[in-house]
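This is entry.txt. It holds compact mmCIF, C-alpha atoms.
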```txt
# COMPACT_ATOMS: atom_id res chain seq x y z
CA MET A 1 0.00 0.00 0.00
CA THR A 2 1.30 3.43 -0.80
CA LYS A 3 1.18 6.19 1.72
CA SER A 4 0.16 9.13 -0.39
CA SER A 5 1.30 12.00 1.79
CA GLY A 6 4.15 10.49 3.62
CA GLN A 7 6.24 12.27 6.18
CA MET A 8 3.94 12.82 9.16
CA PRO A 9 1.79 9.71 9.58
CA SER A 10 0.57 10.35 13.15
CA SER A 11 -1.23 13.64 12.56
CA LEU A 12 -2.92 12.68 9.29
CA GLU A 13 -5.06 9.76 10.43
CA ASP A 14 -8.32 11.50 9.50
CA ASP A 15 -7.24 12.41 5.94
CA PRO A 16 -9.51 10.69 3.37
CA LEU A 17 -6.71 10.77 0.79
CA ASP A 18 -4.38 8.74 2.97
CA GLY A 19 -3.70 5.24 1.74
CA MET A 20 -5.15 5.91 -1.71
CA THR A 21 -3.18 5.21 -4.84
CA PRO A 22 -2.65 8.33 -6.98
CA PHE A 23 -5.15 6.99 -9.53
CA GLN A 24 -7.81 6.65 -6.82
CA LYS A 25 -6.86 10.14 -5.68
CA VAL A 26 -7.46 11.54 -9.17
CA LEU A 27 -10.82 9.73 -9.34
CA TYR A 28 -11.72 10.95 -5.83
CA ARG A 29 -10.93 14.56 -6.69
CA SER A 30 -12.71 14.31 -10.04
CA LYS A 31 -15.83 13.13 -8.22
CA GLN A 32 -15.38 15.80 -5.56
CA GLN A 33 -14.99 18.60 -8.15
CA PRO A 34 -16.56 17.37 -11.39
CA LEU A 35 -16.40 20.88 -12.87
CA VAL A 36 -12.62 20.71 -13.29
CA PRO A 37 -12.39 17.73 -15.70
CA LEU A 38 -15.59 18.88 -17.43
CA GLY A 39 -14.10 22.36 -17.88
CA CYS A 40 -10.90 20.86 -19.31
CA LEU A 41 -12.94 18.80 -21.75
CA GLY A 42 -15.02 21.83 -22.77
CA THR A 43 -11.90 23.96 -23.26
CA THR A 44 -10.32 21.28 -25.45
CA ILE A 45 -13.46 20.94 -27.57
CA ALA A 46 -13.62 24.74 -27.99
CA VAL A 47 -10.01 24.81 -29.24
CA ILE A 48 -10.65 21.91 -31.64
CA LEU A 49 -13.65 23.75 -33.09
CA ALA A 50 -11.59 26.97 -33.34
CA ALA A 51 -8.86 25.03 -35.19
CA LYS A 52 -11.54 23.76 -37.56
CA GLY A 53 -12.61 27.37 -38.14
CA VAL A 54 -9.02 28.41 -38.89
CA ARG A 55 -8.52 25.47 -41.27
CA THR A 56 -11.63 26.16 -43.30
CA GLY A 57 -10.88 29.89 -43.37
CA ASP A 58 -13.97 30.75 -41.33
CA SER A 59 -12.40 33.40 -39.08
CA ARG A 60 -15.71 34.43 -37.50
CA SER A 61 -16.38 30.91 -36.25
CA ALA A 62 -12.77 30.63 -35.04
CA GLN A 63 -13.25 33.91 -33.14
CA LYS A 64 -16.42 32.59 -31.49
CA TRP A 65 -14.70 29.40 -30.34
CA PHE A 66 -11.63 31.33 -29.13
CA ARG A 67 -13.98 33.25 -26.86
CA TRP A 68 -15.49 30.00 -25.61
CA ARG A 69 -11.98 28.70 -24.98
CA VAL A 70 -11.00 31.67 -22.80
CA GLY A 71 -14.32 31.64 -20.94
CA LEU A 72 -14.31 27.90 -20.24
CA GLN A 73 -10.68 27.93 -19.14
CA GLY A 74 -11.44 30.81 -16.77
CA LEU A 75 -14.38 28.86 -15.31
CA THR A 76 -12.20 25.75 -14.92
CA LEU A 77 -9.60 27.76 -13.03
CA VAL A 78 -12.23 29.35 -10.79
CA ALA A 79 -13.78 25.93 -10.11
CA LEU A 80 -10.36 24.49 -9.29
CA LEU A 81 -9.47 27.32 -6.89
CA PHE A 82 -12.82 27.58 -5.13
CA GLY A 83 -13.23 23.82 -4.92
CA SER A 84 -9.82 23.41 -3.38
CA TYR A 85 -10.30 26.17 -0.85
CA TYR A 86 -13.76 24.84 -0.01
CA TYR A 87 -12.51 21.33 0.66
CA ALA A 88 -9.34 22.65 2.36
CA ASP A 89 -7.15 20.24 0.49
CA ASN A 90 -4.48 17.92 1.68
CA TYR A 91 -1.66 20.34 1.04
CA LYS A 92 -3.02 23.07 3.29
CA LYS A 93 -3.78 20.60 6.07
CA GLN A 94 -0.30 19.21 5.89
CA THR A 95 1.41 22.59 6.17
CA LYS A 96 -0.90 23.58 9.04
CA THR A 97 -0.09 20.39 10.91
CA GLN A 98 3.57 21.03 10.30
CA GLU A 99 3.28 24.50 11.83
CA GLU A 100 1.35 23.15 14.81
CA LEU A 101 3.95 20.45 15.29
CA ASN A 102 6.70 23.06 15.25
CA ILE A 103 4.87 25.14 17.87
CA GLU A 104 4.33 22.04 20.02
CA LYS A 105 7.97 21.16 19.72
CA ALA A 106 9.01 24.68 20.73
CA LYS A 107 6.70 24.62 23.73
CA MET A 108 7.99 21.22 24.80
CA ARG A 109 11.58 22.46 24.58
CA GLU A 110 10.75 25.54 26.60
CA LYS A 111 9.09 23.39 29.26
CA LEU A 112 12.07 21.05 29.40
CA TRP A 113 14.44 24.00 29.71
CA VAL A 114 12.42 25.52 32.58
CA GLU A 115 12.46 22.15 34.32
CA GLU A 116 16.19 21.92 33.81
CA LEU A 117 16.70 25.40 35.27
CA GLU A 118 14.53 24.53 38.28
CA ARG A 119 16.55 21.36 38.80
CA ARG A 120 19.80 23.30 38.67
CA ASP A 121 18.37 25.89 41.07
CA ALA A 122 17.34 23.17 43.51
CA GLU A 123 20.81 21.60 43.25
CA ILE A 124 22.53 24.93 43.98
CA LYS A 125 20.25 25.59 46.95
CA ASP A 126 20.93 22.08 48.25
CA ARG A 127 24.67 22.65 47.97
CA GLN A 128 24.40 26.02 49.77
CA ARG A 129 22.37 24.40 52.55
CA ARG A 130 24.95 21.63 52.96
CA ALA A 131 27.79 24.16 52.95
CA ALA A 132 26.07 26.20 55.65
CA LEU A 133 25.55 23.02 57.64
CA ALA A 134 29.24 22.03 57.30
CA ARG A 135 30.34 25.51 58.34
CA LYS A 136 28.12 25.32 61.41
CA HIS A 137 29.59 21.89 62.31
CA ARG A 138 33.16 23.23 61.99
CA VAL A 139 32.40 26.23 64.20
CA GLU A 140 30.93 23.87 66.82
CA GLU A 141 34.03 21.59 66.65
CA GLU A 142 36.43 24.52 67.05
CA LYS A 143 34.57 25.53 70.15
CA MET B 1 -7.66 39.14 -73.11
CA SER B 2 -4.48 39.05 -75.16
CA ILE B 3 -1.76 36.50 -74.54
CA GLU B 4 0.47 39.27 -73.32
CA THR B 5 -2.01 40.30 -70.59
CA ARG B 6 -2.78 36.70 -69.70
CA SER B 7 0.87 35.88 -69.21
CA LYS B 8 0.95 38.36 -66.31
CA PHE B 9 -1.57 36.31 -64.33
CA GLN B 10 -1.03 32.99 -62.62
CA LEU B 11 -3.50 30.52 -64.10
CA PHE B 12 -3.44 27.97 -61.27
CA PRO B 13 -4.14 28.49 -57.55
CA SER B 14 -1.16 26.60 -56.17
CA HIS B 15 2.18 28.23 -55.49
CA GLU B 16 5.28 26.96 -57.28
CA VAL B 17 8.21 27.90 -55.09
CA ASN B 18 11.63 28.77 -56.49
CA PRO B 19 14.61 26.58 -55.60
CA SER B 20 15.43 27.47 -52.00
CA PRO B 21 18.40 26.60 -49.78
CA TRP B 22 16.45 26.85 -46.54
CA PRO B 23 15.00 23.32 -46.18
CA ILE B 24 18.40 21.60 -46.32
CA TYR B 25 19.99 24.41 -44.30
CA MET B 26 17.26 23.98 -41.67
CA SER B 27 17.73 20.21 -41.55
CA PHE B 28 21.44 20.52 -40.86
CA SER B 29 21.02 23.30 -38.30
CA LEU B 30 18.40 21.23 -36.44
CA LEU B 31 20.70 18.19 -36.58
CA SER B 32 23.45 20.34 -35.10
CA LEU B 33 21.14 21.67 -32.39
CA GLY B 34 19.95 18.19 -31.41
CA LEU B 35 23.45 16.74 -31.32
CA THR B 36 24.87 19.70 -29.39
CA LEU B 37 22.05 19.54 -26.84
CA GLY B 38 22.48 15.80 -26.31
CA LEU B 39 26.27 15.90 -26.11
CA LEU B 40 26.19 18.91 -23.79
CA MET B 41 23.69 17.30 -21.39
CA HIS B 42 25.78 14.12 -21.21
CA GLY B 43 29.03 15.97 -20.64
CA TYR B 44 30.75 15.34 -23.99
CA ILE B 45 30.84 19.08 -24.77
CA LEU B 46 31.90 21.33 -21.93
CA SER B 47 31.11 24.76 -23.36
CA THR B 48 27.59 26.16 -23.75
CA TRP B 49 28.87 28.45 -26.53
CA TRP B 50 28.36 25.60 -29.02
CA LEU B 51 24.71 25.40 -27.96
CA ILE B 52 24.32 29.16 -28.32
CA LEU B 53 25.89 28.91 -31.79
CA ALA B 54 23.52 26.08 -32.81
CA ILE B 55 20.49 28.01 -31.52
CA SER B 56 21.62 31.15 -33.37
CA VAL B 57 21.96 29.17 -36.62
CA VAL B 58 18.44 27.68 -36.18
CA ILE B 59 16.93 31.10 -35.37
CA SER B 60 18.67 32.81 -38.28
CA THR B 61 17.51 30.05 -40.66
CA ILE B 62 13.94 30.45 -39.42
CA PHE B 63 14.30 34.20 -39.94
CA LEU B 64 15.65 33.88 -43.50
CA TRP B 65 13.12 31.24 -44.50
CA THR B 66 10.11 33.12 -43.10
CA ARG B 67 11.44 36.32 -44.71
CA ASP B 68 11.17 34.54 -48.08
CA ILE B 69 7.67 33.29 -47.23
CA ILE B 70 6.57 36.80 -46.21
CA ILE B 71 7.94 38.23 -49.48
CA GLU B 72 6.12 35.54 -51.49
CA GLY B 73 2.87 35.93 -49.57
CA THR B 74 2.64 39.64 -48.92
CA TYR B 75 4.52 41.30 -51.79
CA LEU B 76 4.36 38.77 -54.66
CA GLY B 77 0.79 37.60 -54.01
CA GLY B 78 1.71 33.92 -53.96
CA HIS B 79 -0.69 33.08 -51.14
CA THR B 80 -3.97 32.38 -52.89
CA ILE B 81 -6.92 30.81 -51.08
CA ALA B 82 -5.72 27.33 -52.01
CA VAL B 83 -2.20 28.08 -50.75
CA LYS B 84 -3.60 29.54 -47.54
CA ARG B 85 -5.59 26.36 -47.01
CA GLY B 86 -2.44 24.30 -47.53
CA LEU B 87 -0.49 26.44 -45.06
CA ASN B 88 -3.26 26.08 -42.48
CA ILE B 89 -3.34 22.29 -42.89
CA GLY B 90 0.44 22.18 -42.58
CA PHE B 91 0.28 24.21 -39.40
CA LEU B 92 -2.42 21.99 -37.94
CA ILE B 93 -0.31 18.89 -38.64
CA PHE B 94 2.59 20.62 -36.87
CA VAL B 95 0.33 21.38 -33.89
CA GLY B 96 -0.76 17.73 -33.92
CA THR B 97 2.85 16.58 -33.57
CA GLU B 98 3.32 19.04 -30.70
CA ILE B 99 0.31 17.61 -28.90
CA MET B 100 1.70 14.11 -29.44
CA ILE B 101 4.99 15.11 -27.75
CA PHE B 102 3.10 16.44 -24.76
CA ILE B 103 0.87 13.35 -24.63
CA ALA B 104 4.04 11.23 -24.51
CA LEU B 105 5.37 13.32 -21.61
CA PHE B 106 2.05 13.13 -19.73
CA TRP B 107 2.09 9.38 -20.32
CA GLY B 108 5.56 9.23 -18.77
CA TYR B 109 4.36 11.29 -15.82
CA PHE B 110 1.34 9.12 -15.15
CA HIS B 111 3.41 5.97 -15.63
CA SER B 112 5.70 7.09 -12.80
CA ALA B 113 3.10 8.80 -10.60
CA MET B 114 0.29 6.24 -10.65
CA ASN B 115 2.43 3.43 -9.29
CA PRO B 116 5.52 4.95 -7.64
CA SER B 117 8.32 2.39 -7.55
CA ILE B 118 10.24 1.31 -4.46
CA GLU B 119 13.33 3.28 -5.54
CA ILE B 120 11.52 6.59 -5.01
CA GLY B 121 9.94 5.51 -1.72
CA CYS B 122 6.58 4.29 -3.06
CA GLN B 123 5.15 7.80 -2.99
CA TRP B 124 4.65 10.74 -5.32
CA PRO B 125 6.37 13.23 -5.18
CA PRO B 126 9.30 10.98 -4.26
CA VAL B 127 10.86 10.99 -0.79
CA GLY B 128 12.94 14.10 -0.27
CA ILE B 129 11.42 16.11 -3.13
CA THR B 130 9.61 19.29 -2.12
CA SER B 131 7.23 20.06 -4.96
CA ILE B 132 6.45 23.63 -6.02
CA LYS B 133 3.38 25.09 -4.29
CA PRO B 134 0.56 25.42 -6.87
CA THR B 135 -1.01 28.49 -5.22
CA GLU B 136 2.05 30.69 -5.62
CA LEU B 137 3.93 31.53 -8.83
CA PRO B 138 2.27 28.79 -10.97
CA LEU B 139 -1.16 30.28 -10.21
CA LEU B 140 0.05 33.73 -11.27
CA ASN B 141 1.43 32.15 -14.45
CA THR B 142 -1.92 30.50 -15.16
CA ILE B 143 -3.71 33.82 -14.71
CA ILE B 144 -1.16 35.58 -16.98
CA LEU B 145 -1.72 32.96 -19.70
CA LEU B 146 -5.49 33.18 -19.37
CA SER B 147 -5.39 36.97 -19.73
CA SER B 148 -3.04 36.65 -22.72
CA GLY B 149 -5.72 34.38 -24.28
CA ALA B 150 -8.29 37.11 -23.66
CA THR B 151 -6.15 39.92 -25.12
CA VAL B 152 -5.18 37.88 -28.19
CA THR B 153 -8.86 37.08 -28.82
CA TRP B 154 -9.57 40.81 -28.57
CA ALA B 155 -6.78 41.47 -31.10
CA HIS B 156 -8.23 38.83 -33.45
CA GLU B 157 -11.71 40.36 -33.15
CA SER B 158 -10.22 43.81 -33.87
CA VAL B 159 -8.44 42.51 -36.99
CA LEU B 160 -11.69 40.98 -38.25
CA SER B 161 -13.63 44.19 -37.59
CA ARG B 162 -10.88 46.33 -39.23
CA ASN B 163 -9.81 48.16 -36.07
CA ARG B 164 -6.08 48.62 -36.54
CA HIS B 165 -5.40 50.50 -33.32
CA ASN B 166 -7.05 47.91 -31.03
CA ALA B 167 -5.44 45.04 -32.93
CA LEU B 168 -1.99 46.54 -32.45
CA LEU B 169 -2.65 47.23 -28.78
CA GLY B 170 -4.03 43.72 -28.20
CA LEU B 171 -1.05 42.07 -29.88
CA PHE B 172 1.42 44.24 -27.97
CA ILE B 173 -0.18 43.46 -24.60
CA THR B 174 -0.26 39.75 -25.46
CA THR B 175 3.46 39.77 -26.35
CA LEU B 176 4.20 41.53 -23.09
CA LEU B 177 2.17 39.00 -21.08
CA ILE B 178 3.96 36.06 -22.71
CA VAL B 179 7.34 37.67 -21.96
CA ILE B 180 6.27 38.13 -18.33
CA PHE B 181 5.24 34.46 -18.24
CA VAL B 182 8.67 33.43 -19.53
CA LEU B 183 10.41 35.58 -16.89
CA CYS B 184 8.20 34.11 -14.13
CA GLN B 185 9.08 30.60 -15.30
CA ILE B 186 12.80 31.46 -15.14
CA CYS B 187 12.26 32.65 -11.53
CA GLU B 188 10.38 29.46 -10.69
CA PHE B 189 13.03 27.18 -12.21
CA ASN B 190 15.78 29.07 -10.39
CA SER B 191 14.08 28.94 -7.01
CA ALA B 192 12.91 25.31 -7.20
CA THR B 193 14.49 22.99 -4.64
CA PHE B 194 15.05 20.16 -7.14
CA ASN B 195 16.67 19.97 -10.57
CA ILE B 196 16.38 17.80 -13.67
CA THR B 197 18.67 15.10 -12.24
CA ASP B 198 16.66 14.68 -9.03
CA SER B 199 14.82 11.39 -9.58
CA VAL B 200 12.16 10.68 -12.17
CA TYR B 201 10.09 13.51 -10.70
CA GLY B 202 12.65 16.18 -11.55
CA SER B 203 13.27 14.69 -14.99
CA ILE B 204 9.64 14.49 -16.06
CA PHE B 205 8.79 17.83 -14.44
CA TYR B 206 11.53 19.77 -16.21
CA ALA B 207 11.12 17.86 -19.48
CA THR B 208 7.45 18.88 -19.67
CA THR B 209 7.48 22.37 -18.17
CA GLY B 210 10.82 23.08 -19.89
CA LEU B 211 9.46 22.03 -23.28
CA HIS B 212 6.43 24.24 -22.69
CA PHE B 213 8.82 27.03 -21.63
CA ILE B 214 10.78 26.76 -24.91
CA HIS B 215 7.48 26.88 -26.80
CA MET B 216 6.54 30.04 -24.92
CA ILE B 217 9.84 31.68 -25.93
CA MET B 218 9.07 30.82 -29.56
CA LEU B 219 5.53 32.09 -29.11
CA SER B 220 6.78 35.44 -27.79
CA LEU B 221 9.02 35.76 -30.88
CA MET B 222 6.10 34.84 -33.16
CA LEU B 223 3.84 37.38 -31.45
CA ALA B 224 6.52 40.08 -31.68
CA ILE B 225 6.83 39.41 -35.42
CA CYS B 226 3.03 39.51 -35.81
CA THR B 227 2.92 42.84 -33.97
CA ALA B 228 5.64 44.23 -36.24
CA ARG B 229 3.88 42.94 -39.38
CA MET B 230 0.60 44.42 -38.14
CA TYR B 231 2.41 47.73 -37.67
CA VAL B 232 3.76 47.76 -41.24
CA TYR B 233 0.34 46.93 -42.74
CA HIS B 234 1.05 43.31 -43.75
CA PHE B 235 -2.28 41.98 -42.51
CA THR B 236 -5.74 42.64 -43.86
CA ALA B 237 -9.09 41.65 -42.41
CA THR B 238 -9.30 38.70 -44.82
CA HIS B 239 -5.67 37.78 -45.32
CA HIS B 240 -3.67 37.08 -42.15
CA VAL B 241 -2.50 33.45 -42.10
CA ASN B 242 0.51 34.21 -39.90
CA LEU B 243 -1.61 36.00 -37.34
CA GLU B 244 -4.32 33.36 -37.18
CA THR B 245 -1.89 30.44 -36.87
CA THR B 246 0.01 32.31 -34.12
CA ILE B 247 -3.24 32.91 -32.26
CA LEU B 248 -4.18 29.24 -32.60
CA TYR B 249 -0.72 28.30 -31.34
CA LEU B 250 -1.17 30.49 -28.27
CA HIS B 251 -4.52 28.90 -27.49
CA ILE B 252 -3.11 25.37 -27.88
CA LEU B 253 -0.14 26.18 -25.61
CA ASP B 254 -2.59 27.71 -23.15
CA ILE B 255 -4.62 24.54 -22.77
CA ILE B 256 -1.46 22.46 -22.57
CA TRP B 257 -0.45 24.74 -19.69
CA LEU B 258 -3.89 24.21 -18.10
CA PHE B 259 -3.30 20.45 -18.16
CA ILE B 260 0.29 20.86 -16.89
CA TYR B 261 -0.98 23.08 -14.08
CA ILE B 262 -3.71 20.70 -12.99
CA VAL B 263 -1.69 17.49 -13.35
CA PHE B 264 1.86 18.53 -12.42
CA TYR B 265 1.27 21.31 -9.94
CA TRP B 266 -2.17 20.74 -8.45
CA TRP B 267 -2.76 17.00 -8.35
CA GLY B 268 0.89 16.02 -8.24
CA CYS B 269 1.83 17.91 -5.10
```

Just give me the structure as structure tokens.
Amino acid sequence: MTKSSGQMPSSLEDDPLDGMTPFQKVLYRSKQQPLVPLGCLGTTIAVILAAKGVRTGDSRSAQKWFRWRVGLQGLTLVALLFGSYYYADNYKKQTKTQEELNIEKAKMREKLWVEELERRDAEIKDRQRRAALARKHRVEEEK
Amino acid sequence: MSIETRSKFQLFPSHEVNPSPWPIYMSFSLLSLGLTLGLLMHGYILSTWWLILAISVVISTIFLWTRDIIIEGTYLGGHTIAVKRGLNIGFLIFVGTEIMIFIALFWGYFHSAMNPSIEIGCQWPPVGITSIKPTELPLLNTIILLSSGATVTWAHESVLSRNRHNALLGLFITTLLIVIFVLCQICEFNSATFNITDSVYGSIFYATTGLHFIHMIMLSLMLAICTARMYVYHFTATHHVNLETTILYLHILDIIWLFIYIVFYWWGC
């Protein structure tokens, strides 16, 4: 089985795209946003018809299909962008998780460092206490 | 009509070209370009000056050959309706071969991406490859290309409706947009974290986007020439084969970019 979006397995358990083969991924996204492949198909057909217009010397028809081409490609792009933002795709999730992980890591380090400082502080205090005790003992012995 | 008058007219629609050195010249310059490119990439030639020389020879041959065609078509009236039809069919066959090249590259991409092999870590993009974010420069590039499609359609409409000023303006803006696209691509290639030798991903990515990039450079030259020819009154509302084929070329490269954007940048990241 292929792991589609590899590096951080623990934080991506809820991702529907995880564990899919790329072909299944393409099918999944095509079903999720059917406008994108349909738009591509429409754009291609418009260009083919425009090419037919150019070949037969019918510039007016070519012009009409050029307009369709630009319009359909624009719609495809809009569908792609809005669809992806709407479904908050894999890529965005992954970067967000990465950021969160970094913050968590930083917090953990800070906590560990504070603990370390406290431990050192306690050690120093302990040493001072023992030194004071030893001094007291010596004073008593000299007496 | 006397024989003397009749002899001044061409009695058949097809165009008989004079003996020309350019086809054989072009063949050898392309052979030299291909060989230089291959030998340079595999380290047999160590100086890029040979490549620059080969490219200059190809470009100058194109220039000299198309200069002859422009003289025949625009000044000598060799481009009759039948000849125009032949030129258009020839161009469409050329476009067909272009599409076949890109289909082959997409095939290669899907072959590697659909079932990633164990050598690249069974995942796509391969382990260690950071793919280019589709919402940054590539999105801007897509928008630039889409707007160039719109401006070139406006220029075409202006040519058909005999509006010289708008046609010139449209063509100029389109040329500018394509040049901006080329510059953006150079930025993207320079700032990418992988190169053409980095696994099958880098190879197929740069082979496809690089081929498209070279086409865009050619397209910007073609558009610049169309703008210049428009400026010196070479095109009429009914006779503009060069312009129409260039516009068709732009639209074809635009949809190829749409597919590259969706497949390579959006779904492949």

Using all atoms listed in the file, which residues of region 139-244 of chain B come within 10 Å of region 58-61 of chain A, and what is the closest atom pair for each, with the distance in Å to one decimal? Give it as a Markdown table, sorted by chain and residue number.
```
| residue | atom | partner | partner_atom | distance |
| --- | --- | --- | --- | --- |
| B:His156 | CA | A:Ser59 | CA | 8.9 |
| B:Glu157 | CA | A:Arg60 | CA | 8.4 |
| B:Leu160 | CA | A:Ser59 | CA | 7.7 |
| B:Ser161 | CA | A:Arg60 | CA | 10.0 |
| B:Ala237 | CA | A:Ser59 | CA | 9.5 |
| B:Thr238 | CA | A:Ser59 | CA | 8.4 |
| B:His240 | CA | A:Ser59 | CA | 10.0 |
| B:Glu244 | CA | A:Ser59 | CA | 8.3 |
```

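Nearest residue to His239 (chain B) among B:Ile81, B:Ala113, B:Leu64, B:Leu139 is B:Ile81, counting all atoms listed in the file.
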
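Selecting chain B residues within 7 Å of chain A and counting all atoms listed in the file yields Arg85, Asn88, Ile89, Ala113, Met114, Cys122, Gln123, Trp124, Leu146, Gly149, Ala150, Thr153, Glu157 and Leu248 of chain B.
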
Can you pull out the residues contacting region 206-216 of chain B? Cut-off 12 Å, using all atoms listed in the file, and skip same-chain residues under 6 positions away; I want them as a ChimeraX atom specification.
/B:55,95,98-99,101-109,138,141,145,148,174-186,188-190,192,194-200,222-223,246,249-261,263-265

Grab the CA of Lys84 (chain B) to CA of Pro23 (chain B) distance for me, in Å with one decimal place.
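Result for CA of Lys84 (chain B) versus CA of Pro23 (chain B): 19.7 Å, one decimal.
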